[in-house]
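work.csv, holding CSV, C-alpha atoms:
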chain,number,residue,atom,x,y,z
A,123,MET,CA,36.2,74.9,-65.6
A,124,LYS,CA,34.6,77.9,-64.0
A,125,THR,CA,35.8,79.0,-60.6
A,126,LYS,CA,32.3,78.6,-59.2
A,127,ASP,CA,32.2,74.9,-60.2
A,128,LYS,CA,35.8,74.3,-59.1
A,129,ILE,CA,35.0,75.6,-55.6
A,130,LEU,CA,32.3,72.9,-55.2
A,131,ILE,CA,34.7,70.2,-56.4
A,132,THR,CA,37.4,71.3,-54.0
A,133,ALA,CA,35.0,71.7,-51.1
A,134,LEU,CA,33.5,68.3,-51.7
A,135,GLU,CA,36.9,66.7,-51.6
A,136,LEU,CA,37.8,68.5,-48.3
A,137,PHE,CA,34.4,67.8,-46.7
A,138,ASN,CA,34.7,64.1,-47.6
A,139,SER,CA,38.2,63.7,-46.4
A,140,THR,CA,37.9,65.7,-43.1
A,141,ASN,CA,34.6,67.3,-42.2
A,142,THR,CA,32.7,70.6,-42.8
A,143,GLN,CA,33.9,72.2,-39.6
A,144,ALA,CA,37.6,71.5,-40.3
A,145,ALA,CA,37.3,72.7,-43.9
A,146,THR,CA,36.7,76.4,-43.7
A,147,THR,CA,36.2,78.7,-46.7
A,148,ASN,CA,39.9,79.8,-46.2
A,149,HIS,CA,41.1,76.2,-46.4
A,150,ILE,CA,39.0,75.7,-49.6
A,151,ALA,CA,40.4,78.9,-51.2
A,152,ALA,CA,44.0,77.9,-50.2
A,153,ALA,CA,43.6,74.4,-51.7
A,154,MET,CA,42.5,76.0,-55.0
A,155,GLY,CA,45.2,78.7,-54.9
A,156,ILE,CA,42.6,81.6,-55.0
A,157,SER,CA,42.0,84.4,-52.5
A,158,PRO,CA,39.3,84.1,-49.9
A,159,GLY,CA,37.7,87.2,-51.5
A,160,ASN,CA,37.5,85.5,-54.8
A,161,LEU,CA,35.7,82.5,-53.1
A,162,HIS,CA,33.3,84.8,-51.3
A,163,TYR,CA,32.4,86.5,-54.5
A,164,HIS,CA,30.9,83.2,-55.6
A,165,TYR,CA,29.6,81.8,-52.3
A,166,LYS,CA,28.9,84.1,-49.4
A,167,ASN,CA,29.8,81.5,-46.8
A,168,ARG,CA,30.3,77.7,-46.2
A,169,GLU,CA,26.6,77.2,-45.7
A,170,ALA,CA,26.0,78.4,-49.3
A,171,ILE,CA,28.6,75.8,-50.6
A,172,ILE,CA,27.0,73.0,-48.6
A,173,TYR,CA,23.5,74.0,-49.9
A,174,ALA,CA,24.8,74.0,-53.5
A,175,LEU,CA,26.4,70.6,-53.0
A,176,TYR,CA,23.2,69.2,-51.6
A,177,ALA,CA,21.2,70.6,-54.6
A,178,GLN,CA,23.8,69.0,-56.9
A,179,MET,CA,23.5,65.6,-55.2
A,180,GLN,CA,19.7,65.8,-55.2
A,181,ALA,CA,19.7,66.6,-59.0
A,182,LYS,CA,22.0,63.7,-59.7
A,183,CYS,CA,19.7,61.3,-57.8
A,184,PHE,CA,16.5,62.7,-59.4
A,185,PRO,CA,17.0,64.4,-62.7
A,186,ASP,CA,13.2,64.1,-62.9
A,187,PRO,CA,11.9,65.0,-59.5
A,188,ASP,CA,8.7,62.9,-60.0
A,189,PHE,CA,10.5,59.8,-61.1
A,190,VAL,CA,9.1,56.6,-59.6
A,191,PRO,CA,10.5,53.1,-60.5
A,192,SER,CA,7.8,51.3,-62.3
A,193,SER,CA,9.3,47.8,-62.1
A,194,ILE,CA,11.5,45.8,-59.7
A,195,GLN,CA,14.3,45.9,-62.3
A,196,GLU,CA,14.1,49.7,-62.5
A,197,LEU,CA,14.1,49.9,-58.7
A,198,VAL,CA,17.3,47.8,-58.3
A,199,LYS,CA,19.0,49.8,-61.1
A,200,SER,CA,18.0,53.1,-59.3
A,201,HIS,CA,19.3,51.7,-56.0
A,202,ASN,CA,22.7,51.2,-57.5
A,203,HIS,CA,22.7,54.7,-59.0
A,204,TRP,CA,21.6,56.3,-55.7
A,205,SER,CA,24.3,54.4,-53.8
A,206,SER,CA,27.0,55.7,-56.1
A,207,VAL,CA,25.8,59.3,-55.7
A,208,PHE,CA,25.6,59.0,-51.9
A,209,TRP,CA,29.1,57.6,-51.9
A,210,GLU,CA,30.3,60.6,-54.0
A,211,TYR,CA,28.8,63.1,-51.5
A,212,LYS,CA,29.5,61.0,-48.4
A,213,PHE,CA,30.1,63.9,-46.1
A,214,PHE,CA,26.4,64.9,-46.4
A,215,HIS,CA,24.8,61.9,-44.8
A,216,ARG,CA,27.6,61.5,-42.3
A,217,GLU,CA,26.9,65.0,-40.9
A,218,LEU,CA,23.3,65.2,-41.9
A,219,LEU,CA,21.7,66.3,-38.7
A,220,PHE,CA,24.5,68.6,-37.7
A,221,LEU,CA,24.2,70.4,-41.1
A,222,LEU,CA,20.5,70.7,-40.9
A,223,SER,CA,20.8,72.2,-37.3
A,224,ARG,CA,23.1,74.9,-38.7
A,225,ASP,CA,21.1,76.1,-41.7
A,226,GLU,CA,17.4,76.7,-41.6
A,227,SER,CA,17.0,77.0,-45.3
A,228,LEU,CA,18.9,73.8,-46.0
A,229,LYS,CA,16.7,72.1,-43.4
A,230,ALA,CA,13.5,73.4,-44.9
A,231,LYS,CA,14.5,72.3,-48.4
A,232,TYR,CA,15.7,68.9,-47.1
A,233,ILE,CA,12.4,68.2,-45.3
A,234,GLU,CA,10.4,69.4,-48.4
A,235,ASN,CA,12.4,66.9,-50.6
A,236,ASN,CA,12.0,64.2,-48.0
A,237,LEU,CA,8.3,64.5,-47.8
A,238,HIS,CA,8.1,64.4,-51.6
A,239,HIS,CA,10.3,61.3,-51.5
A,240,LYS,CA,8.0,59.6,-49.0
A,241,GLU,CA,5.1,60.3,-51.4
A,242,ARG,CA,7.1,58.7,-54.2
A,243,ILE,CA,7.9,55.6,-52.2
A,244,THR,CA,4.3,55.2,-51.1
A,245,LYS,CA,3.2,55.5,-54.7
A,246,MET,CA,5.7,52.9,-55.8
A,247,LEU,CA,4.7,50.5,-53.0
A,248,ASN,CA,1.0,50.8,-53.8
A,249,ASP,CA,1.8,50.3,-57.5
A,250,PHE,CA,3.9,47.2,-56.8
A,251,HIS,CA,1.1,45.8,-54.6
A,252,ASP,CA,-1.5,46.4,-57.5
A,253,LYS,CA,0.8,44.7,-59.9
A,254,GLY,CA,0.9,41.6,-57.7
A,255,TRP,CA,4.6,41.9,-56.7
A,256,LEU,CA,4.2,43.0,-53.1
A,257,ASN,CA,1.6,42.0,-50.6
A,258,LEU,CA,0.8,45.2,-48.5
A,259,PRO,CA,-2.8,44.7,-47.4
A,260,TYR,CA,-3.1,47.7,-45.1
A,261,ASP,CA,-2.1,51.3,-45.2
A,262,ASN,CA,-0.1,50.9,-41.9
A,263,VAL,CA,2.0,48.2,-43.5
A,264,VAL,CA,2.7,50.5,-46.4
A,265,THR,CA,3.8,53.2,-43.9
A,266,HIS,CA,5.9,50.8,-42.0
A,267,VAL,CA,7.8,49.6,-45.1
A,268,CYS,CA,8.1,53.2,-46.2
A,269,ASP,CA,9.7,54.1,-42.9
A,270,ILE,CA,12.2,51.2,-43.2
A,271,ILE,CA,13.2,52.4,-46.7
A,272,MET,CA,13.6,56.0,-45.6
A,273,VAL,CA,15.6,55.2,-42.5
A,274,PHE,CA,18.0,52.8,-44.3
A,275,THR,CA,18.4,55.3,-47.1
A,276,GLN,CA,19.3,58.2,-44.9
A,277,PHE,CA,21.2,56.5,-42.0
A,278,TRP,CA,22.9,53.5,-43.4
A,279,HIS,CA,26.2,55.3,-43.7
A,280,PRO,CA,26.1,56.6,-40.1
A,281,TYR,CA,25.0,53.1,-39.0
A,282,LEU,CA,28.1,51.5,-40.5
A,283,GLU,CA,30.2,54.1,-38.8
A,284,THR,CA,28.7,53.4,-35.4
A,285,MET,CA,29.4,49.6,-35.9
A,286,GLY,CA,33.1,50.3,-36.6
A,287,GLU,CA,32.7,49.1,-40.2
A,288,GLU,CA,35.0,50.4,-42.9
A,289,LEU,CA,33.3,53.0,-45.1
A,290,ASN,CA,34.1,51.6,-48.5
A,291,GLU,CA,31.9,51.6,-51.5
A,292,TYR,CA,30.9,47.9,-51.1
A,293,ASN,CA,29.7,48.4,-47.5
A,294,LEU,CA,27.9,51.6,-48.4
A,295,LYS,CA,25.8,49.8,-51.0
A,296,GLY,CA,24.6,47.5,-48.2
A,297,ASP,CA,21.8,50.0,-47.6
A,298,MET,CA,20.1,49.0,-50.8
A,299,ARG,CA,20.6,45.3,-50.1
A,300,ARG,CA,19.0,45.9,-46.7
A,301,ILE,CA,16.0,47.7,-48.4
A,302,GLU,CA,15.7,44.8,-50.8
A,303,GLY,CA,15.8,42.4,-47.8
A,304,ALA,CA,13.0,44.4,-46.1
A,305,LEU,CA,10.9,44.3,-49.3
A,306,ARG,CA,11.5,40.6,-49.7
A,307,SER,CA,9.5,39.9,-46.5
A,308,PHE,CA,6.5,41.4,-48.3
A,309,MET,CA,7.0,40.0,-51.8
A,310,THR,CA,4.6,37.7,-53.5
A,311,LYS,CA,5.9,34.5,-55.3
A,312,GLU,CA,5.9,36.5,-58.5
A,313,GLY,CA,7.9,39.4,-57.0
A,314,LEU,CA,10.5,37.0,-55.6
A,315,GLU,CA,10.9,35.3,-59.0
A,316,ILE,CA,11.6,38.7,-60.7
A,317,LEU,CA,14.2,39.5,-58.0
A,318,ALA,CA,15.8,36.1,-58.3
A,319,ASP,CA,16.1,36.7,-62.1
A,320,ILE,CA,17.9,40.0,-61.5
A,321,GLU,CA,20.3,38.4,-59.0
A,322,ARG,CA,21.1,35.5,-61.3
B,760,MET,CA,24.1,68.3,-5.0
B,761,LYS,CA,27.8,68.2,-5.9
B,762,THR,CA,29.1,70.7,-8.4
B,763,LYS,CA,30.4,67.9,-10.6
B,764,ASP,CA,26.8,66.4,-10.9
B,765,LYS,CA,25.2,69.8,-11.3
B,766,ILE,CA,27.5,70.6,-14.3
B,767,LEU,CA,26.2,67.5,-16.0
B,768,ILE,CA,22.5,68.5,-15.4
B,769,THR,CA,23.1,72.1,-16.6
B,770,ALA,CA,25.0,70.9,-19.7
B,771,LEU,CA,22.3,68.4,-20.5
B,772,GLU,CA,19.7,71.1,-20.4
B,773,LEU,CA,21.7,73.4,-22.6
B,774,PHE,CA,22.7,70.7,-25.1
B,775,ASN,CA,19.1,69.6,-25.4
B,776,SER,CA,17.6,73.1,-25.9
B,777,THR,CA,20.3,74.4,-28.3
B,778,ASN,CA,23.2,72.1,-29.4
B,779,THR,CA,26.7,71.1,-28.2
B,780,GLN,CA,28.4,73.7,-30.3
B,781,ALA,CA,26.3,76.7,-29.1
B,782,ALA,CA,26.7,75.6,-25.5
B,783,THR,CA,30.3,76.2,-24.6
B,784,THR,CA,31.9,75.4,-21.2
B,785,ASN,CA,31.7,79.2,-20.5
B,786,HIS,CA,28.0,79.2,-21.2
B,787,ILE,CA,27.5,76.2,-18.9
B,788,ALA,CA,29.5,77.8,-16.1
B,789,ALA,CA,27.6,81.1,-16.5
B,790,ALA,CA,24.2,79.3,-16.4
B,791,MET,CA,25.3,77.8,-13.0
B,792,GLY,CA,26.8,80.9,-11.7
B,793,ILE,CA,30.3,79.4,-11.2
B,794,SER,CA,33.6,80.4,-12.7
B,795,PRO,CA,35.0,78.7,-15.9
B,796,GLY,CA,38.0,77.7,-13.7
B,797,ASN,CA,35.7,75.9,-11.3
B,798,LEU,CA,34.0,74.0,-14.2
B,799,HIS,CA,37.4,73.1,-15.7
B,800,TYR,CA,38.5,71.7,-12.3
B,801,HIS,CA,35.8,69.0,-12.7
B,802,TYR,CA,35.8,68.5,-16.5
B,803,LYS,CA,38.8,69.5,-18.6
B,804,ASN,CA,36.7,70.3,-21.6
B,805,ARG,CA,33.3,70.0,-23.3
B,806,GLU,CA,34.2,66.6,-24.7
B,807,ALA,CA,34.7,65.2,-21.1
B,808,ILE,CA,31.2,66.5,-20.2
B,809,ILE,CA,29.7,64.8,-23.3
B,810,TYR,CA,31.5,61.6,-22.6
B,811,ALA,CA,30.2,61.6,-19.0
B,812,LEU,CA,26.6,62.2,-20.2
B,813,TYR,CA,26.9,59.4,-22.6
B,814,ALA,CA,28.2,57.0,-19.9
B,815,GLN,CA,25.3,58.1,-17.7
B,816,MET,CA,22.7,57.5,-20.5
B,817,GLN,CA,24.2,54.0,-21.2
B,818,ALA,CA,24.2,53.1,-17.5
B,819,LYS,CA,20.5,54.1,-17.2
B,820,CYS,CA,19.7,52.0,-20.3
B,821,PHE,CA,21.7,49.0,-19.1
B,822,PRO,CA,22.2,48.9,-15.3
B,823,ASP,CA,23.3,45.3,-16.1
B,824,PRO,CA,25.5,45.4,-19.3
B,825,ASP,CA,24.6,41.8,-20.1
B,826,PHE,CA,20.8,42.2,-19.8
B,827,VAL,CA,18.8,40.5,-22.5
B,828,PRO,CA,14.9,40.5,-22.4
B,829,SER,CA,13.8,36.9,-21.9
B,830,SER,CA,10.2,37.4,-22.9
B,831,ILE,CA,8.1,39.6,-25.3
B,832,GLN,CA,6.6,41.3,-22.2
B,833,GLU,CA,10.1,42.2,-20.9
B,834,LEU,CA,11.1,43.5,-24.4
B,835,VAL,CA,8.1,45.8,-24.6
B,836,LYS,CA,8.8,47.1,-21.1
B,837,SER,CA,12.4,47.6,-21.9
B,838,HIS,CA,11.5,49.5,-25.1
B,839,ASN,CA,9.4,52.0,-23.0
B,840,HIS,CA,12.3,52.5,-20.6
B,841,TRP,CA,14.9,53.0,-23.3
B,842,SER,CA,12.6,55.5,-25.2
B,843,SER,CA,12.3,57.6,-22.0
B,844,VAL,CA,16.1,57.6,-21.4
B,845,PHE,CA,16.7,58.6,-25.1
B,846,TRP,CA,14.2,61.4,-24.7
B,847,GLU,CA,16.0,62.6,-21.6
B,848,TYR,CA,19.4,62.7,-23.4
B,849,LYS,CA,17.9,63.7,-26.8
B,850,PHE,CA,20.9,65.9,-27.9
B,851,PHE,CA,23.0,62.7,-28.1
B,852,HIS,CA,21.2,60.9,-30.9
B,853,ARG,CA,20.5,64.2,-32.6
B,854,GLU,CA,24.2,65.0,-32.9
B,855,LEU,CA,25.5,61.4,-32.8
B,856,LEU,CA,27.7,61.3,-35.8
B,857,PHE,CA,29.1,64.8,-35.3
B,858,LEU,CA,30.0,64.0,-31.7
B,859,LEU,CA,31.7,60.7,-32.6
B,860,SER,CA,33.7,62.6,-35.3
B,861,ARG,CA,35.0,65.0,-32.7
B,862,ASP,CA,36.1,62.6,-30.0
B,863,GLU,CA,38.1,59.4,-30.8
B,864,SER,CA,37.7,58.0,-27.3
B,865,LEU,CA,33.9,58.5,-27.3
B,866,LYS,CA,33.7,56.9,-30.8
B,867,ALA,CA,35.7,53.9,-29.6
B,868,LYS,CA,33.5,53.4,-26.5
B,869,TYR,CA,30.3,53.9,-28.5
B,870,ILE,CA,31.4,51.3,-31.1
B,871,GLU,CA,32.4,48.8,-28.4
B,872,ASN,CA,29.0,49.2,-26.7
B,873,ASN,CA,27.2,49.0,-30.0
B,874,LEU,CA,28.9,45.7,-31.0
B,875,HIS,CA,28.0,44.3,-27.6
B,876,HIS,CA,24.5,45.5,-28.2
B,877,LYS,CA,24.3,43.7,-31.5
B,878,GLU,CA,25.4,40.5,-29.7
B,879,ARG,CA,22.7,41.0,-27.2
B,880,ILE,CA,20.0,41.5,-29.8
B,881,THR,CA,21.2,38.5,-31.8
B,882,LYS,CA,21.1,36.4,-28.6
B,883,MET,CA,17.5,37.6,-27.9
B,884,LEU,CA,16.3,36.9,-31.5
B,885,ASN,CA,17.7,33.4,-31.4
B,886,ASP,CA,16.2,32.8,-28.0
B,887,PHE,CA,12.7,34.0,-29.2
B,888,HIS,CA,13.1,31.8,-32.2
B,889,ASP,CA,13.9,28.8,-30.0
B,890,LYS,CA,10.9,29.6,-27.8
B,891,GLY,CA,8.6,29.5,-30.8
B,892,TRP,CA,7.7,33.3,-30.8
B,893,LEU,CA,9.7,34.3,-33.9
B,894,ASN,CA,10.4,32.5,-37.1
B,895,LEU,CA,13.9,33.3,-38.2
B,896,PRO,CA,15.1,30.2,-40.1
B,897,TYR,CA,18.4,31.5,-41.4
B,898,ASP,CA,21.3,33.5,-39.9
B,899,ASN,CA,21.0,36.2,-42.6
B,900,VAL,CA,17.4,36.8,-41.5
B,901,VAL,CA,18.6,37.3,-37.9
B,902,THR,CA,21.2,39.7,-39.2
B,903,HIS,CA,18.6,41.6,-41.3
B,904,VAL,CA,16.2,42.0,-38.3
B,905,CYS,CA,19.0,42.9,-36.1
B,906,ASP,CA,20.1,45.7,-38.5
B,907,ILE,CA,16.5,47.1,-38.6
B,908,ILE,CA,16.4,47.2,-34.8
B,909,MET,CA,19.8,48.9,-34.5
B,910,VAL,CA,19.0,51.5,-37.2
B,911,PHE,CA,15.6,52.4,-35.8
B,912,THR,CA,17.1,52.6,-32.2
B,913,GLN,CA,19.9,54.9,-33.2
B,914,PHE,CA,18.3,57.0,-35.9
B,915,TRP,CA,14.6,57.3,-35.2
B,916,HIS,CA,15.0,60.7,-33.6
B,917,PRO,CA,17.1,62.1,-36.6
B,918,TYR,CA,14.5,60.5,-38.9
B,919,LEU,CA,11.6,62.4,-37.4
B,920,GLU,CA,13.6,65.6,-37.7
B,921,THR,CA,14.3,65.0,-41.4
B,922,MET,CA,10.5,64.5,-41.9
B,923,GLY,CA,9.7,67.8,-40.2
B,924,GLU,CA,7.9,66.0,-37.4
B,925,GLU,CA,7.6,67.5,-33.9
B,926,LEU,CA,10.1,66.0,-31.5
B,927,ASN,CA,7.7,65.3,-28.7
B,928,GLU,CA,7.8,62.3,-26.4
B,929,TYR,CA,5.0,60.5,-28.2
B,930,ASN,CA,6.6,60.7,-31.6
B,931,LEU,CA,10.0,59.7,-30.1
B,932,LYS,CA,8.5,56.5,-28.8
B,933,GLY,CA,7.6,55.6,-32.4
B,934,ASP,CA,11.0,53.9,-32.8
B,935,MET,CA,10.0,51.2,-30.5
B,936,ARG,CA,6.6,50.8,-32.2
B,937,ARG,CA,8.4,50.5,-35.5
B,938,ILE,CA,10.8,47.8,-34.1
B,939,GLU,CA,7.7,45.9,-32.8
B,940,GLY,CA,6.2,46.3,-36.3
B,941,ALA,CA,9.4,44.9,-37.9
B,942,LEU,CA,9.4,42.0,-35.5
B,943,ARG,CA,5.7,41.4,-36.2
B,944,SER,CA,6.5,40.3,-39.8
B,945,PHE,CA,8.6,37.4,-38.3
B,946,MET,CA,6.3,36.4,-35.5
B,947,THR,CA,4.6,33.1,-35.1
B,948,LYS,CA,0.9,32.8,-34.2
B,949,GLU,CA,2.0,32.3,-30.6
B,950,GLY,CA,4.2,35.4,-30.6
B,951,LEU,CA,1.4,37.5,-32.1
B,952,GLU,CA,-1.0,36.4,-29.4
B,953,ILE,CA,1.4,37.4,-26.7
B,954,LEU,CA,1.9,40.8,-28.3
B,955,ALA,CA,-1.9,41.3,-28.7
B,956,ASP,CA,-2.4,40.5,-25.0
B,957,ILE,CA,0.1,43.2,-24.0
B,958,GLU,CA,-1.6,45.8,-26.3
B,959,ARG,CA,-5.0,45.0,-24.9

Written form, structure tokens:
Amino acid sequence: MKTKDKILITALELFNSTNTQAATTNHIAAAMGISPGNLHYHYKNREAIIYALYAQMQAKCFPDPDFVPSSIQELVKSHNHWSSVFWEYKFFHRELLFLLSRDESLKAKYIENNLHHKERITKMLNDFHDKGWLNLPYDNVVTHVCDIIMVFTQFWHPYLETMGEELNEYNLKGDMRRIEGALRSFMTKEGLEILADIER
Amino acid sequence: MKTKDKILITALELFNSTNTQAATTNHIAAAMGISPGNLHYHYKNREAIIYALYAQMQAKCFPDPDFVPSSIQELVKSHNHWSSVFWEYKFFHRELLFLLSRDESLKAKYIENNLHHKERITKMLNDFHDKGWLNLPYDNVVTHVCDIIMVFTQFWHPYLETMGEELNEYNLKGDMRRIEGALRSFMTKEGLEILADIER
């Protein structure tokens, strides 16, 4: 494996097990048995490592940036995938706001991706409404459901932490169950039958 | 005003306008024109100041720790009050997870308060159901609505930030509008009429 890739793997382990402030570039270099100079040749500072890890996480979630689930089955499958990726990069959502406050370029990229994500969710909700699976008669209902999805996606992990819940993989996947619960209130009979079939 | 109180006011201003990492105890002392030694006489470190500000915010939100709104009118009024307090102490929710990760005693207190808060919300939801304003036929629906309320309360401010929205007072109060929107899906005809009366 290339040093550049190994730095990311080591940094990810340290960030997940402690936090980004405790794990300095010196700690990362020491954990790999390389010199700080060698590390800095590949990444000029810790922010550059965090940015690269975020880009990696985003690429794993959306290999196609314009992907929108076109069925309830595909949505549930995607939820499982996104949950696993979020678990793998768990430091990121845990420290989200702090990380964004420390790096303007990360913040700008994150907001850009997030606005694009909101467009995708809106598109999916309108599509599911047109297909007769959801009943979202007004634009403000679409916006409301979209906000619930975005908030649960981004802040579920922090929420568990503030409730003293253990941060294991099962609990973490609760975000997607909660999103499905929120969608359920707006589902038509047909949509609910599809969901029941998946859960069977 | 006592020095001890003035330290909190100055720290709050600095934390809100920058962040808790940029505003060291030396910066706070300098902004007040007192010596670092004088500051440390009152608060042994920055964590002690943050803890005191959190306790202050909590006391402003819940002068009576067991308060539960007993009507929709009282809930809406409380929402407005809590929004204003959250705006006043905006650094806290912005950095929430980071702050909890740095101070075990703050985290323990926060979780304790949060679990108590969840009990209060559950009590209110069951009461509104019994009074015929909400229709929450199963315990898991109560839990689901409770999670939505808790997540919006704690992470609305961070959410706005991740959407590139301006953090002004109007936007910040959107959390309570979103909670009311979430409750609306579960309201009976009678509950909706009460809410319409308030909004008129």

Legend entry - Which residue of B:Asn797, B:Asn927, B:Thr881, B:Thr779 approaches chain A most closely, using all atoms listed in the file: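 Selected residue with least distance to chain A: B:Thr779.
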
Report the closest atom pair, with its distance in Å rounded to one decimal, for each residue of chain B that has an atom no farther than 9 Å from chain A; count only C-alpha atoms, sort by chain and then rising residue number, and write it as CSV.
residue,atom,partner,partner_atom,distance
B:Asn778,CA,A:Ser223,CA,8.3
B:Arg853,CA,A:Leu219,CA,6.6
B:Glu854,CA,A:Phe220,CA,6.0
B:Leu855,CA,A:Leu219,CA,8.6
B:Leu856,CA,A:Glu217,CA,6.4
B:Phe857,CA,A:Glu217,CA,6.0
B:Leu859,CA,A:Thr284,CA,8.4
B:Ser860,CA,A:Asn141,CA,8.4
B:Lys866,CA,A:Thr284,CA,7.6
B:Ala867,CA,A:Gly286,CA,8.3
B:Tyr869,CA,A:Thr284,CA,7.1
B:Ile870,CA,A:Met285,CA,5.5
B:Glu871,CA,A:Met285,CA,8.1
B:Asn873,CA,A:Met285,CA,6.3
B:Leu874,CA,A:Met285,CA,6.3
B:Lys877,CA,A:Met285,CA,9.0
B:Val900,CA,A:Gly303,CA,8.6
B:His903,CA,A:Arg300,CA,6.9
B:Val904,CA,A:Ala304,CA,8.8
B:Asp906,CA,A:Arg300,CA,8.3
B:Ile907,CA,A:Ile270,CA,7.5
B:Met909,CA,A:Tyr281,CA,8.1
B:Val910,CA,A:Tyr281,CA,6.5
B:Phe911,CA,A:Val273,CA,7.3
B:Gln913,CA,A:Tyr281,CA,7.9
B:Phe914,CA,A:Phe277,CA,6.8
B:Trp915,CA,A:Val273,CA,7.7
B:Pro917,CA,A:Leu219,CA,6.6
B:Tyr918,CA,A:Val273,CA,6.5
B:Glu920,CA,A:Ile233,CA,8.1
B:Thr921,CA,A:Ile233,CA,5.4
B:Met922,CA,A:Ile233,CA,5.4
B:Gly923,CA,A:Ile233,CA,5.8
B:Arg937,CA,A:His266,CA,7.0
B:Gly940,CA,A:His266,CA,7.3
B:Ala941,CA,A:His266,CA,8.0
B:Ser944,CA,A:Ser307,CA,7.4
B:Phe945,CA,A:Ser307,CA,8.6

Expected residue set, 12 Å radius at (6.2, 55.9, -30.7), all atoms listed in the file, as a compact mmCIF listing (two decimals) with C-alpha atoms, in the frame of the given file:
# COMPACT_ATOMS: atom_id res chain seq x y z
CA VAL B 835 8.10 45.80 -24.60
CA HIS B 838 11.50 49.50 -25.10
CA ASN B 839 9.40 52.00 -23.00
CA TRP B 841 14.90 53.00 -23.30
CA SER B 842 12.60 55.50 -25.20
CA SER B 843 12.30 57.60 -22.00
CA TRP B 846 14.20 61.40 -24.70
CA PHE B 911 15.60 52.40 -35.80
CA THR B 912 17.10 52.60 -32.20
CA TRP B 915 14.60 57.30 -35.20
CA HIS B 916 15.00 60.70 -33.60
CA LEU B 919 11.60 62.40 -37.40
CA LEU B 926 10.10 66.00 -31.50
CA ASN B 927 7.70 65.30 -28.70
CA GLU B 928 7.80 62.30 -26.40
CA TYR B 929 5.00 60.50 -28.20
CA ASN B 930 6.60 60.70 -31.60
CA LEU B 931 10.00 59.70 -30.10
CA LYS B 932 8.50 56.50 -28.80
CA GLY B 933 7.60 55.60 -32.40
CA ASP B 934 11.00 53.90 -32.80
CA MET B 935 10.00 51.20 -30.50
CA ARG B 936 6.60 50.80 -32.20
CA ARG B 937 8.40 50.50 -35.50
CA ILE B 938 10.80 47.80 -34.10
CA GLU B 939 7.70 45.90 -32.80
CA GLY B 940 6.20 46.30 -36.30

Inset, instruction - Give the answer as one residue: which of A:Ala177, A:Ala144, A:Ala152, A:Leu256 has the shortest atom-to-atom distance to Gly313 of chain A, using only C-alpha atoms? - result: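 Selected residue with least distance to Gly313 of chain A: A:Leu256.
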
Inset, instruction - For atom CA of Asn248 of chain A and atom CA of Ile316 of chain A, quote the distance in Å rounded to one decimal. - result: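 We find that atom CA of Asn248 of chain A and atom CA of Ile316 of chain A lie 17.5 Å from each other.
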
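Of note, atom CA of Lys128 of chain A and atom CA of Ser200 of chain A are spaced 27.7 Å apart.
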
Inset, instruction - Can you work out the spacing between atom CA of Ala145 of chain A and atom CA of Asn785 of chain B in Å, to one decimal? - result: 24.9 Å

Inset, instruction - Compile the contact shell of Leu317 of chain A as an MDAnalysis selection string: residues with an atom at most 12 Å away, counting all atoms listed in the file, same-chain residues fewer than 2 positions apart removed. - result: chainID A and resid 193:199 255:256 299 302:303 305:306 309:315 319:322

Inset, instruction - Can you work out which one of A:Val264, A:Glu169, A:Cys183, A:His149 has the shortest atom-to-atom distance to Glu210 of chain A, counting only C-alpha atoms? - result: A:Cys183
